[in-house]
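Okay, protein.tsv now, which holds TSV, C-alpha atoms:
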chain	number	residue	atom	x	y	z
H	1	MET	CA	-0.56	-42.53	0.47
H	2	LYS	CA	-1.29	-40.59	3.66
H	3	VAL	CA	-2.41	-37.01	3.10
H	4	VAL	CA	-3.09	-34.39	5.77
H	5	ILE	CA	-5.41	-31.60	4.65
H	6	VAL	CA	-5.64	-28.44	6.73
H	7	GLY	CA	-8.93	-26.62	6.18
H	8	ALA	CA	-12.16	-28.53	5.62
H	9	GLY	CA	-14.02	-25.85	3.71
H	10	SER	CA	-15.26	-26.30	0.16
H	11	VAL	CA	-11.74	-26.53	-1.29
H	12	GLY	CA	-10.29	-28.86	1.35
H	13	SER	CA	-13.37	-31.09	1.29
H	14	SER	CA	-13.31	-31.33	-2.49
H	15	ILE	CA	-9.65	-32.35	-2.45
H	16	ALA	CA	-10.36	-34.93	0.27
H	17	ARG	CA	-13.30	-36.37	-1.68
H	18	GLU	CA	-11.20	-36.88	-4.80
H	19	LEU	CA	-8.32	-38.45	-2.86
H	20	LEU	CA	-10.64	-40.76	-0.94
H	21	ALA	CA	-12.07	-41.94	-4.26
H	22	HIS	CA	-8.51	-42.90	-5.22
H	23	LYS	CA	-8.15	-44.94	-2.00
H	24	HIS	CA	-5.74	-42.61	-0.18
H	25	GLU	CA	-5.69	-42.20	3.60
H	26	ILE	CA	-6.98	-38.75	4.51
H	27	LEU	CA	-6.80	-36.74	7.74
H	28	LEU	CA	-8.54	-33.37	7.83
H	29	ILE	CA	-7.68	-30.70	10.40
H	30	ASP	CA	-10.07	-27.82	11.05
H	31	LEU	CA	-10.84	-25.41	13.86
H	32	LYS	CA	-14.61	-25.87	13.57
H	33	PRO	CA	-16.06	-29.18	14.83
H	34	GLU	CA	-19.31	-28.57	12.94
H	35	VAL	CA	-17.62	-29.14	9.57
H	36	ILE	CA	-17.30	-32.85	10.38
H	37	GLY	CA	-21.04	-33.40	10.33
H	38	ARG	CA	-21.73	-31.51	7.14
H	39	SER	CA	-18.80	-32.72	5.09
H	40	GLY	CA	-20.20	-36.09	4.02
H	41	LEU	CA	-16.66	-37.45	3.69
H	42	ARG	CA	-16.92	-41.13	4.51
H	43	GLY	CA	-13.67	-42.79	5.43
H	44	ALA	CA	-11.80	-39.61	6.32
H	45	HIS	CA	-10.14	-39.10	9.72
H	46	TRP	CA	-10.65	-35.85	11.58
H	47	LEU	CA	-8.82	-33.67	14.06
H	48	VAL	CA	-10.31	-30.49	15.50
H	49	GLY	CA	-7.67	-27.92	16.32
H	50	ASP	CA	-5.44	-25.07	15.21
H	51	ALA	CA	-2.96	-26.40	12.65
H	52	CYS	CA	-0.66	-23.45	13.32
H	53	GLU	CA	0.03	-24.97	16.76
H	54	LEU	CA	2.81	-27.55	16.96
H	55	SER	CA	0.78	-29.61	19.44
H	56	THR	CA	-2.01	-30.02	16.91
H	57	LEU	CA	0.36	-31.17	14.20
H	58	GLN	CA	2.05	-33.53	16.65
H	59	GLY	CA	-1.35	-35.00	17.52
H	60	ALA	CA	-1.98	-35.51	13.82
H	61	LYS	CA	1.37	-37.34	13.45
H	62	VAL	CA	2.19	-35.11	10.50
H	63	GLU	CA	5.66	-36.63	10.31
H	64	ASP	CA	4.03	-39.81	8.93
H	65	ALA	CA	2.27	-37.94	6.11
H	66	ASP	CA	3.43	-38.19	2.51
H	67	VAL	CA	1.80	-34.86	1.65
H	68	VAL	CA	0.43	-31.93	3.65
H	69	VAL	CA	-2.11	-29.72	1.89
H	70	SER	CA	-2.80	-26.26	3.35
H	71	ALA	CA	-6.19	-25.38	1.90
H	72	THR	CA	-7.63	-22.76	4.24
H	73	GLY	CA	-8.98	-19.41	3.11
H	74	ASP	CA	-6.19	-17.58	4.95
H	75	ASP	CA	-2.84	-17.26	3.16
H	76	LYS	CA	-1.00	-16.61	6.43
H	77	VAL	CA	-2.26	-19.88	7.87
H	78	ASN	CA	-1.35	-21.80	4.73
H	79	LEU	CA	2.19	-20.46	4.82
H	80	VAL	CA	2.71	-21.19	8.52
H	81	VAL	CA	1.36	-24.74	8.19
H	82	SER	CA	3.58	-25.44	5.17
H	83	LEU	CA	6.65	-24.08	6.96
H	84	LEU	CA	5.99	-26.13	10.10
H	85	ALA	CA	5.27	-29.28	8.12
H	86	LYS	CA	8.50	-28.96	6.18
H	87	THR	CA	10.91	-27.71	8.84
H	88	GLU	CA	9.59	-29.30	12.04
H	89	PHE	CA	8.21	-32.58	10.72
H	90	GLY	CA	10.21	-33.20	7.55
H	91	VAL	CA	7.17	-33.77	5.33
H	92	GLY	CA	8.31	-34.72	1.84
H	93	ARG	CA	5.78	-32.66	-0.09
H	94	THR	CA	3.66	-29.64	0.80
H	95	VAL	CA	0.93	-28.02	-1.26
H	96	GLY	CA	-0.27	-24.51	-0.40
H	97	ARG	CA	-3.46	-22.80	-1.53
H	98	VAL	CA	-3.00	-19.18	-2.61
H	99	ASN	CA	-6.14	-17.13	-2.02
H	100	ASN	CA	-4.85	-13.68	-2.93
H	101	PRO	CA	-2.75	-13.65	-6.15
H	102	LYS	CA	-0.70	-10.77	-4.71
H	103	ASN	CA	0.70	-13.18	-2.14
H	104	ASP	CA	1.74	-15.76	-4.71
H	105	TRP	CA	5.39	-14.70	-4.57
H	106	MET	CA	5.69	-15.88	-0.95
H	107	PHE	CA	4.58	-19.43	-1.66
H	108	ASN	CA	7.99	-20.93	-2.32
H	109	ASP	CA	10.57	-23.12	-0.62
H	110	SER	CA	11.53	-20.29	1.75
H	111	TRP	CA	8.16	-20.87	3.41
H	112	GLY	CA	8.26	-24.64	2.95
H	113	VAL	CA	5.85	-24.71	0.01
H	114	ASP	CA	6.71	-27.23	-2.69
H	115	VAL	CA	3.67	-26.57	-4.87
H	116	ALA	CA	1.54	-23.41	-4.83
H	117	VAL	CA	-2.00	-23.63	-6.17
H	118	ASN	CA	-3.27	-20.21	-7.16
H	119	THR	CA	-6.96	-20.80	-7.84
H	120	PRO	CA	-7.75	-17.35	-9.33
H	121	GLN	CA	-4.67	-17.58	-11.56
H	122	LEU	CA	-5.58	-21.11	-12.63
H	123	MET	CA	-9.15	-20.09	-13.48
H	124	THR	CA	-7.85	-17.12	-15.46
H	125	ALA	CA	-5.49	-19.41	-17.35
H	126	LEU	CA	-8.29	-21.82	-18.21
H	127	VAL	CA	-10.42	-18.94	-19.51
H	128	GLU	CA	-7.53	-17.59	-21.59
H	129	GLU	CA	-6.67	-21.06	-22.85
H	130	ALA	CA	-10.23	-21.42	-24.13
H	131	VAL	CA	-10.29	-18.17	-26.08
H	132	GLU	CA	-6.70	-17.09	-26.75
H	133	ILE	CA	-5.33	-18.32	-30.08
H	134	GLY	CA	-1.81	-17.33	-31.05
H	135	ASP	CA	-0.69	-16.33	-27.57
H	136	LEU	CA	1.18	-18.24	-24.88
H	137	VAL	CA	-0.98	-19.07	-21.85
H	138	ARG	CA	0.53	-20.16	-18.54
H	139	LEU	CA	-1.57	-23.00	-17.12
H	140	LEU	CA	0.39	-23.97	-14.04
H	141	THR	CA	3.46	-22.92	-12.09
H	142	LEU	CA	5.80	-25.76	-11.14
H	143	GLN	CA	8.81	-26.19	-8.85
H	144	THR	CA	8.00	-23.28	-6.56
H	145	GLY	CA	7.96	-20.71	-9.33
H	146	VAL	CA	10.99	-21.88	-11.29
H	147	ALA	CA	9.13	-23.56	-14.16
H	148	SER	CA	5.68	-23.55	-15.69
H	149	LEU	CA	3.35	-25.51	-17.92
H	150	VAL	CA	2.24	-23.32	-20.82
H	151	GLU	CA	-0.04	-23.77	-23.82
H	152	PHE	CA	-0.01	-22.26	-27.30
H	153	THR	CA	-2.80	-22.74	-29.86
H	154	VAL	CA	-1.31	-22.47	-33.34
H	155	PRO	CA	-3.22	-19.92	-35.51
H	156	HIS	CA	-4.14	-21.08	-39.00
H	157	ASP	CA	-1.86	-18.40	-40.49
H	158	SER	CA	1.12	-19.18	-38.26
H	159	HIS	CA	4.62	-19.33	-39.72
H	160	VAL	CA	5.31	-22.63	-37.90
H	161	ILE	CA	2.62	-24.53	-39.86
H	162	GLY	CA	4.27	-27.15	-42.02
H	163	MET	CA	7.48	-27.15	-40.01
H	164	THR	CA	8.53	-30.27	-38.15
H	165	VAL	CA	9.23	-30.18	-34.44
H	166	GLY	CA	12.90	-30.83	-35.23
H	167	ASP	CA	13.03	-27.88	-37.66
H	168	ILE	CA	12.23	-25.36	-34.95
H	169	HIS	CA	15.01	-24.08	-32.69
H	170	TRP	CA	13.15	-23.91	-29.39
H	171	PRO	CA	14.52	-21.79	-26.54
H	172	GLU	CA	17.05	-23.71	-24.49
H	173	ASP	CA	14.90	-23.98	-21.36
H	174	ALA	CA	11.59	-24.80	-23.10
H	175	THR	CA	10.56	-28.39	-23.88
H	176	LEU	CA	7.61	-29.39	-26.04
H	177	VAL	CA	5.94	-32.21	-24.08
H	178	ALA	CA	2.63	-32.77	-25.89
H	179	ILE	CA	0.57	-31.82	-28.93
H	180	LEU	CA	-3.22	-31.90	-28.72
H	181	ARG	CA	-4.75	-32.35	-32.19
H	182	ASP	CA	-8.44	-33.10	-32.87
H	183	GLN	CA	-8.84	-33.78	-29.12
H	184	ALA	CA	-6.20	-36.51	-29.26
H	185	PRO	CA	-2.87	-36.15	-27.42
H	186	ILE	CA	0.33	-36.79	-29.39
H	187	THR	CA	3.75	-37.43	-27.92
H	188	PRO	CA	5.90	-35.13	-30.08
H	189	SER	CA	8.83	-36.46	-32.09
H	190	ARG	CA	11.28	-34.57	-34.31
H	191	ASP	CA	9.33	-35.61	-37.42
H	192	ASP	CA	5.87	-34.44	-36.31
H	193	VAL	CA	4.58	-31.61	-38.51
H	194	ILE	CA	2.92	-28.59	-36.85
H	195	ASP	CA	-0.60	-27.89	-38.10
H	196	GLY	CA	-3.03	-25.00	-37.63
H	197	GLY	CA	-5.22	-25.45	-34.56
H	198	ASP	CA	-2.67	-27.65	-32.79
H	199	GLU	CA	-2.40	-27.04	-29.06
H	200	LEU	CA	1.24	-27.15	-28.04
H	201	PHE	CA	2.13	-27.80	-24.40
H	202	PHE	CA	5.54	-26.86	-23.03
H	203	VAL	CA	7.35	-27.21	-19.74
H	204	THR	CA	9.54	-24.13	-19.56
H	205	THR	CA	11.36	-21.96	-17.10
H	206	ILE	CA	9.59	-18.72	-16.26
H	207	ALA	CA	12.56	-16.84	-17.72
H	208	ALA	CA	12.26	-18.60	-21.08
H	209	GLU	CA	8.56	-17.85	-21.56
H	210	ASP	CA	9.18	-14.53	-23.33
H	211	GLY	CA	11.56	-16.15	-25.82
H	212	LEU	CA	9.08	-18.94	-26.50
H	213	ARG	CA	6.26	-16.43	-26.94
H	214	GLU	CA	8.32	-14.38	-29.39
H	215	LEU	CA	9.33	-17.45	-31.38
H	216	LEU	CA	5.78	-18.72	-31.76
H	217	SER	CA	4.12	-15.35	-32.34
H	218	SER	CA	6.64	-13.80	-34.73
H	219	ALA	CA	5.82	-13.08	-38.35
H	220	PRO	CA	7.13	-15.44	-41.08
H	221	GLY	CA	10.79	-14.82	-41.87
H	222	SER	CA	11.30	-12.42	-38.97
H	223	ILE	CA	13.54	-14.81	-37.04
H	224	ASP	CA	16.49	-16.75	-38.42
H	225	PRO	CA	15.76	-20.47	-37.87
H	226	GLY	CA	19.26	-20.88	-36.46
H	227	GLU	CA	18.70	-18.33	-33.73
H	228	GLN	CA	16.47	-18.15	-30.71
H	229	PRO	CA	14.51	-15.10	-29.57
H	230	THR	CA	15.10	-13.67	-26.13
H	231	GLY	CA	11.81	-11.81	-25.77
H	232	ASN	CA	13.38	-8.37	-26.11
H	233	GLY	CA	13.31	-8.23	-29.89
H	234	GLN	CA	16.90	-9.44	-30.29
H	235	PRO	CA	17.75	-12.99	-31.37
H	236	ALA	CA	20.20	-14.97	-29.27
H	237	THR	CA	21.58	-18.47	-28.98
H	238	ALA	CA	20.03	-19.13	-25.58
H	239	GLY	CA	16.48	-18.51	-24.44
H	240	GLY	CA	14.86	-16.32	-21.87
H	241	HIS	CA	15.55	-13.62	-19.35
H	242	GLY	CA	14.57	-12.86	-15.78
H	243	HIS	CA	11.13	-12.34	-14.36
H	244	ALA	CA	10.67	-9.87	-11.51
H	245	LEU	CA	7.95	-9.83	-8.88
H	246	ASP	CA	6.79	-6.54	-7.48
H	247	ASP	CA	4.50	-7.50	-4.61
H	248	ASP	CA	6.22	-7.45	-1.25
H	249	GLY	CA	3.60	-8.14	1.37
H	250	PHE	CA	0.22	-9.53	2.25
H	251	ASP	CA	-2.70	-7.72	0.72
H	252	GLY	CA	-5.41	-7.39	3.24
What would you get if you wrote out this structure as C-alpha coordinates?
Amino acid sequence: MKVVIVGAGSVGSSIARELLAHKHEILLIDLKPEVIGRSGLRGAHWLVGDACELSTLQGAKVEDADVVVSATGDDKVNLVVSLLAKTEFGVGRTVGRVNNPKNDWMFNDSWGVDVAVNTPQLMTALVEEAVEIGDLVRLLTLQTGVASLVEFTVPHDSHVIGMTVGDIHWPEDATLVAILRDQAPITPSRDDVIDGGDELFFVTTIAAEDGLRELLSSAPGSIDPGEQPTGNGQPATAGGHGHALDDDGFDG
(Lines of atoms letter the chains of each structure in order from A and count residues from 1; the text may use other names and numbers.)
(Lines give C-alpha, C1' and ligand atoms only; values in the text may rest on other atoms or scores of the structure.)
Protein backbone atom coordinates (compact mmCIF):
# COMPACT_ATOMS: atom_id res chain seq x y z
CA MET A 1 0.00 0.00 0.00
CA LYS A 2 1.29 3.47 -0.88
CA VAL A 3 0.72 6.08 1.81
CA VAL A 4 1.51 9.79 1.59
CA ILE A 5 1.97 11.49 4.96
CA VAL A 6 1.94 15.28 5.14
CA GLY A 7 3.79 16.55 8.20
CA ALA A 8 6.90 14.80 9.49
CA GLY A 9 6.67 15.93 13.09
CA SER A 10 6.33 13.54 16.01
CA VAL A 11 2.86 12.36 14.94
CA GLY A 12 3.62 11.96 11.23
CA SER A 13 6.94 10.25 11.93
CA SER A 14 5.34 7.83 14.38
CA ILE A 15 2.68 6.89 11.83
CA ALA A 16 5.35 6.42 9.16
CA ARG A 17 7.46 4.23 11.46
CA GLU A 18 4.55 1.90 12.18
CA LEU A 19 3.55 1.66 8.52
CA LEU A 20 7.13 1.01 7.41
CA ALA A 21 7.30 -1.84 9.92
CA HIS A 22 4.27 -3.32 8.15
CA LYS A 23 6.08 -3.09 4.79
CA HIS A 24 4.04 -0.24 3.29
CA GLU A 25 5.49 2.30 0.86
CA ILE A 26 5.73 5.68 2.57
CA LEU A 27 6.27 9.19 1.20
CA LEU A 28 6.56 12.04 3.69
CA ILE A 29 6.02 15.67 2.70
CA ASP A 30 7.27 18.48 4.94
CA LEU A 31 8.26 22.11 4.57
CA LYS A 32 11.43 21.71 6.65
CA PRO A 33 14.35 19.83 5.04
CA GLU A 34 16.01 19.35 8.44
CA VAL A 35 13.35 16.85 9.54
CA ILE A 36 14.75 14.30 7.07
CA GLY A 37 18.03 13.97 8.92
CA ARG A 38 16.55 13.66 12.38
CA SER A 39 13.67 11.36 11.59
CA GLY A 40 15.55 8.07 11.53
CA LEU A 41 12.95 6.63 9.14
CA ARG A 42 14.82 4.15 6.99
CA GLY A 43 13.11 3.21 3.77
CA ALA A 44 10.82 6.23 3.61
CA HIS A 45 10.74 8.57 0.60
CA TRP A 46 10.82 12.32 1.13
CA LEU A 47 9.59 15.46 -0.57
CA VAL A 48 10.33 18.93 0.77
CA GLY A 49 7.58 21.39 -0.06
CA ASP A 50 4.25 22.96 0.80
CA ALA A 51 1.56 20.28 0.55
CA CYS A 52 -1.11 22.98 0.19
CA GLU A 53 0.35 23.73 -3.26
CA LEU A 54 -0.97 21.66 -6.16
CA SER A 55 2.52 21.52 -7.70
CA THR A 56 3.89 19.81 -4.60
CA LEU A 57 1.16 17.20 -4.60
CA GLN A 58 1.65 16.67 -8.33
CA GLY A 59 5.36 16.11 -7.72
CA ALA A 60 4.47 13.56 -5.07
CA LYS A 61 2.18 11.73 -7.54
CA VAL A 62 -0.57 11.77 -4.93
CA GLU A 63 -2.99 10.29 -7.44
CA ASP A 64 -1.11 6.98 -7.08
CA ALA A 65 -1.54 6.91 -3.29
CA ASP A 66 -3.97 4.55 -1.59
CA VAL A 67 -4.16 6.80 1.47
CA VAL A 68 -3.19 10.40 2.24
CA VAL A 69 -2.62 11.26 5.89
CA SER A 70 -2.65 14.94 6.90
CA ALA A 71 -0.78 14.94 10.20
CA THR A 72 0.51 18.49 10.62
CA GLY A 73 -0.04 20.59 13.71
CA ASP A 74 -2.22 23.04 11.76
CA ASP A 75 -5.88 22.12 11.28
CA LYS A 76 -6.22 24.49 8.31
CA VAL A 77 -3.40 22.74 6.49
CA ASN A 78 -4.83 19.31 7.24
CA LEU A 79 -8.20 20.30 5.83
CA VAL A 80 -6.78 21.86 2.66
CA VAL A 81 -4.54 18.85 1.98
CA SER A 82 -7.44 16.43 2.49
CA LEU A 83 -9.70 18.45 0.18
CA LEU A 84 -7.07 18.66 -2.56
CA ALA A 85 -6.21 14.97 -2.28
CA LYS A 86 -9.84 13.97 -2.60
CA THR A 87 -11.14 16.45 -5.18
CA GLU A 88 -8.09 17.09 -7.38
CA PHE A 89 -6.36 13.71 -7.25
CA GLY A 90 -9.17 11.27 -6.48
CA VAL A 91 -7.41 9.63 -3.53
CA GLY A 92 -9.53 6.77 -2.21
CA ARG A 93 -8.99 7.41 1.48
CA THR A 94 -7.92 10.46 3.46
CA VAL A 95 -7.11 10.68 7.16
CA GLY A 96 -6.99 14.06 8.88
CA ARG A 97 -5.43 14.92 12.23
CA VAL A 98 -7.56 17.19 14.42
CA ASN A 99 -5.43 19.32 16.72
CA ASN A 100 -8.11 21.53 18.25
CA PRO A 101 -11.25 19.59 19.30
CA LYS A 102 -13.35 22.68 18.52
CA ASN A 103 -12.54 22.18 14.85
CA ASP A 104 -13.61 18.54 14.82
CA TRP A 105 -16.95 19.34 13.18
CA MET A 106 -15.22 20.49 9.99
CA PHE A 107 -13.34 17.25 9.42
CA ASN A 108 -15.94 15.51 7.28
CA ASP A 109 -16.57 14.63 3.65
CA SER A 110 -17.34 18.28 2.82
CA TRP A 111 -13.62 18.91 3.29
CA GLY A 112 -12.57 15.58 1.77
CA VAL A 113 -11.81 13.91 5.10
CA ASP A 114 -12.80 10.25 5.28
CA VAL A 115 -11.46 9.62 8.79
CA ALA A 116 -10.80 12.29 11.43
CA VAL A 117 -8.36 11.47 14.22
CA ASN A 118 -8.94 13.70 17.20
CA THR A 119 -5.96 12.97 19.45
CA PRO A 120 -7.17 14.93 22.53
CA GLN A 121 -10.61 13.31 22.23
CA LEU A 122 -9.07 9.86 21.81
CA MET A 123 -6.83 10.32 24.87
CA THR A 124 -9.82 11.52 26.89
CA ALA A 125 -11.79 8.46 25.80
CA LEU A 126 -8.98 6.13 26.82
CA VAL A 127 -8.79 7.78 30.24
CA GLU A 128 -12.56 7.54 30.69
CA GLU A 129 -12.60 3.96 29.45
CA ALA A 130 -10.07 3.05 32.14
CA VAL A 131 -12.02 4.55 35.04
CA GLU A 132 -15.66 4.89 34.01
CA ILE A 133 -17.81 1.89 34.95
CA GLY A 134 -21.49 1.98 34.12
CA ASP A 135 -21.28 4.78 31.58
CA LEU A 136 -20.98 4.74 27.80
CA VAL A 137 -17.60 5.93 26.53
CA ARG A 138 -17.02 6.93 22.91
CA LEU A 139 -13.67 5.55 21.78
CA LEU A 140 -13.62 6.49 18.12
CA THR A 141 -15.69 8.35 15.56
CA LEU A 142 -16.23 6.52 12.27
CA GLN A 143 -17.58 7.40 8.83
CA THR A 144 -16.95 11.13 9.08
CA GLY A 145 -19.02 11.58 12.21
CA VAL A 146 -21.96 9.37 11.31
CA ALA A 147 -21.07 6.40 13.52
CA SER A 148 -18.87 5.65 16.50
CA LEU A 149 -17.21 2.84 18.41
CA VAL A 150 -18.32 2.97 22.05
CA GLU A 151 -17.56 0.93 25.16
CA PHE A 152 -19.62 0.12 28.23
CA THR A 153 -18.25 -1.66 31.31
CA VAL A 154 -21.08 -3.54 33.00
CA PRO A 155 -21.34 -2.67 36.74
CA HIS A 156 -21.67 -5.62 39.11
CA ASP A 157 -25.15 -4.41 40.12
CA SER A 158 -26.39 -3.85 36.56
CA HIS A 159 -29.87 -4.97 35.54
CA VAL A 160 -28.49 -6.60 32.36
CA ILE A 161 -26.44 -9.18 34.31
CA GLY A 162 -27.81 -12.64 33.65
CA MET A 163 -29.61 -11.59 30.48
CA THR A 164 -28.57 -13.06 27.15
CA VAL A 165 -27.58 -10.84 24.26
CA GLY A 166 -30.74 -11.98 22.46
CA ASP A 167 -32.93 -11.02 25.43
CA ILE A 168 -31.99 -7.36 25.21
CA HIS A 169 -33.77 -5.11 22.70
CA TRP A 170 -30.86 -2.97 21.56
CA PRO A 171 -31.52 0.37 19.84
CA GLU A 172 -32.05 -0.09 16.12
CA ASP A 173 -28.82 1.62 15.05
CA ALA A 174 -26.54 0.07 17.70
CA THR A 175 -24.75 -3.25 17.12
CA LEU A 176 -22.88 -5.21 19.78
CA VAL A 177 -19.65 -6.28 18.04
CA ALA A 178 -17.49 -7.67 20.87
CA ILE A 179 -17.43 -8.60 24.54
CA LEU A 180 -14.17 -8.39 26.47
CA ARG A 181 -14.24 -10.73 29.49
CA ASP A 182 -11.21 -11.58 31.66
CA GLN A 183 -9.01 -9.92 29.00
CA ALA A 184 -10.30 -12.33 26.35
CA PRO A 185 -12.40 -11.09 23.39
CA ILE A 186 -15.67 -12.88 22.67
CA THR A 187 -17.65 -12.67 19.45
CA PRO A 188 -21.18 -12.16 20.81
CA SER A 189 -24.01 -14.53 19.94
CA ARG A 190 -27.67 -14.40 20.97
CA ASP A 191 -27.03 -16.99 23.71
CA ASP A 192 -24.10 -15.25 25.43
CA VAL A 193 -24.97 -14.20 28.98
CA ILE A 194 -23.95 -10.72 30.18
CA ASP A 195 -21.81 -10.75 33.33
CA GLY A 196 -20.61 -8.04 35.71
CA GLY A 197 -17.32 -6.52 34.61
CA ASP A 198 -17.88 -7.35 30.95
CA GLU A 199 -16.71 -4.69 28.53
CA LEU A 200 -19.25 -4.33 25.74
CA PHE A 201 -18.19 -2.76 22.46
CA PHE A 202 -20.76 -1.33 20.05
CA VAL A 203 -20.71 0.25 16.63
CA THR A 204 -23.54 2.76 16.74
CA THR A 205 -24.75 5.89 15.05
CA ILE A 206 -24.07 9.07 16.98
CA ALA A 207 -27.83 9.62 17.21
CA ALA A 208 -28.41 6.23 18.85
CA GLU A 209 -25.81 6.71 21.59
CA ASP A 210 -28.27 8.33 24.01
CA GLY A 211 -30.74 5.47 23.64
CA LEU A 212 -27.99 2.91 24.18
CA ARG A 213 -26.73 4.80 27.23
CA GLU A 214 -30.22 4.94 28.72
CA LEU A 215 -30.84 1.25 28.09
CA LEU A 216 -27.60 0.14 29.73
CA SER A 217 -27.67 2.59 32.63
CA SER A 218 -31.34 2.34 33.59
CA ALA A 219 -32.48 0.84 36.87
CA PRO A 220 -33.91 -2.72 36.90
CA GLY A 221 -37.51 -2.83 35.69
CA SER A 222 -37.53 0.80 34.55
CA ILE A 223 -37.71 -0.09 30.86
CA ASP A 224 -40.07 -2.59 29.26
CA PRO A 225 -37.91 -5.25 27.53
CA GLY A 226 -40.06 -4.89 24.42
CA GLU A 227 -39.31 -1.21 24.07
CA GLN A 228 -36.22 0.79 23.32
CA PRO A 229 -35.18 4.01 25.06
CA THR A 230 -34.69 7.16 23.05
CA GLY A 231 -32.46 9.00 25.50
CA ASN A 232 -35.13 11.53 26.48
CA GLY A 233 -36.75 9.42 29.17
CA GLN A 234 -39.48 8.07 26.88
CA PRO A 235 -39.39 4.53 25.48
CA ALA A 236 -39.82 4.07 21.74
CA THR A 237 -39.60 1.35 19.13
CA ALA A 238 -36.61 2.86 17.36
CA GLY A 239 -33.39 4.17 18.84
CA GLY A 240 -31.71 7.52 19.01
CA HIS A 241 -32.16 11.15 18.17
CA GLY A 242 -30.06 13.90 16.62
CA HIS A 243 -26.77 15.29 17.81
CA ALA A 244 -26.04 18.97 17.27
CA LEU A 245 -22.65 20.65 17.00
CA ASP A 246 -22.25 24.18 18.23
CA ASP A 247 -18.78 25.18 17.08
CA ASP A 248 -18.76 27.12 13.85
CA GLY A 249 -15.22 28.20 13.19
CA PHE A 250 -11.54 27.72 13.82
CA ASP A 251 -10.42 28.41 17.34
CA GLY A 252 -7.19 30.26 17.28
Can you tell me which residues surround Ala51 (chain H) at a distance of at most 9 Å, considering only C-alpha atoms, apart from same-chain residues fewer than 2 positions away, and format the answer as a list in words?
Val6, Gly7, Ile29, Asp30, Leu31, Val48, Gly49, Glu53, Leu54, Ser55, Thr56, Leu57, Val77, Val80 and Val81 of chain H
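Of the listed residues (H:Glu18, H:Asp198, H:Asp74, H:Asp167), H:Glu18 comes nearest to Arg42 (chain H); the distances count only C-alpha atoms.
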Neighbouring residues of Leu136 (chain H) were defined as those with any atom within 7 Å, considering all atoms listed in the file; residues of the same chain fewer than 6 positions away were excluded. Please report them as a PyMOL selection string.
chain H and resi 150-152+213
Please list as a PyMOL selection string every residue within 10 Å of His156 (chain H), counting all atoms listed in the file and excluding residues in the same chain fewer than 5 positions away.
chain H and resi 133-134+161+195-198
Using C-alpha atoms, can you write the selected residues to a file as a PDB file, in the frame of the given file?
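After the write, again-v8.pdb holds the following:
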ATOM      1  CA  ILE H 133      -5.330 -18.320 -30.080  1.00  0.00           C
ATOM      2  CA  GLY H 134      -1.810 -17.330 -31.050  1.00  0.00           C
ATOM      3  CA  ILE H 161       2.620 -24.530 -39.860  1.00  0.00           C
ATOM      4  CA  ASP H 195      -0.600 -27.890 -38.100  1.00  0.00           C
ATOM      5  CA  GLY H 196      -3.030 -25.000 -37.630  1.00  0.00           C
ATOM      6  CA  GLY H 197      -5.220 -25.450 -34.560  1.00  0.00           C
ATOM      7  CA  ASP H 198      -2.670 -27.650 -32.790  1.00  0.00           C
TER       8      ASP H 198
END
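Compared by their closest atoms to Thr164 (chain H), and using all atoms listed in the file, the residues H:Ile194, H:Ala65, H:Val137, H:Leu142 rank with H:Ile194 nearest.
Candidate residues H:Phe202, H:Trp105, H:Trp170, H:Trp111 were compared for distance to Thr153 (chain H), and the nearest is H:Phe202, using all atoms listed in the file.
Between CA of His45 (chain H) and CA of Arg97 (chain H) the interatomic distance comes to 20.9 Å.
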Using only C-alpha atoms, which protein or nucleic acid residues come within 8 Å of Val165 (chain H)? Drop anything in the same chain fewer than 6 positions from it, and give the result as JSON, numbers by chain.
{"H": [188, 189, 190, 191, 192, 193, 194]}
Who sits within 10 Å of Val69 (chain H), all atoms listed in the file, same chain under 4 positions skipped, as a PyMOL selection string
chain H and resi 3-7+12+15-16+28+78+81-82+85+93-97+113+115-116
Selection above as a file: C-alpha atoms, as a PDB file, keeping the file's coordinate frame:
ATOM      1  CA  VAL H   3      -2.410 -37.010   3.100  1.00  0.00           C
ATOM      2  CA  VAL H   4      -3.090 -34.390   5.770  1.00  0.00           C
ATOM      3  CA  ILE H   5      -5.410 -31.600   4.650  1.00  0.00           C
ATOM      4  CA  VAL H   6      -5.640 -28.440   6.730  1.00  0.00           C
ATOM      5  CA  GLY H   7      -8.930 -26.620   6.180  1.00  0.00           C
ATOM      6  CA  GLY H  12     -10.290 -28.860   1.350  1.00  0.00           C
ATOM      7  CA  ILE H  15      -9.650 -32.350  -2.450  1.00  0.00           C
ATOM      8  CA  ALA H  16     -10.360 -34.930   0.270  1.00  0.00           C
ATOM      9  CA  LEU H  28      -8.540 -33.370   7.830  1.00  0.00           C
ATOM     10  CA  ASN H  78      -1.350 -21.800   4.730  1.00  0.00           C
ATOM     11  CA  VAL H  81       1.360 -24.740   8.190  1.00  0.00           C
ATOM     12  CA  SER H  82       3.580 -25.440   5.170  1.00  0.00           C
ATOM     13  CA  ALA H  85       5.270 -29.280   8.120  1.00  0.00           C
ATOM     14  CA  ARG H  93       5.780 -32.660  -0.090  1.00  0.00           C
ATOM     15  CA  THR H  94       3.660 -29.640   0.800  1.00  0.00           C
ATOM     16  CA  VAL H  95       0.930 -28.020  -1.260  1.00  0.00           C
ATOM     17  CA  GLY H  96      -0.270 -24.510  -0.400  1.00  0.00           C
ATOM     18  CA  ARG H  97      -3.460 -22.800  -1.530  1.00  0.00           C
ATOM     19  CA  VAL H 113       5.850 -24.710   0.010  1.00  0.00           C
ATOM     20  CA  VAL H 115       3.670 -26.570  -4.870  1.00  0.00           C
ATOM     21  CA  ALA H 116       1.540 -23.410  -4.830  1.00  0.00           C
TER      22      ALA H 116
END
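Shortest atom-to-atom contact with Gly73 (chain H) among H:Trp46, H:Leu41, H:Ile36, H:Val11: H:Val11, counting all atoms listed in the file.
Take CA of Ala174 (chain H) and CA of Val154 (chain H): the distance between them is 16.6 Å.
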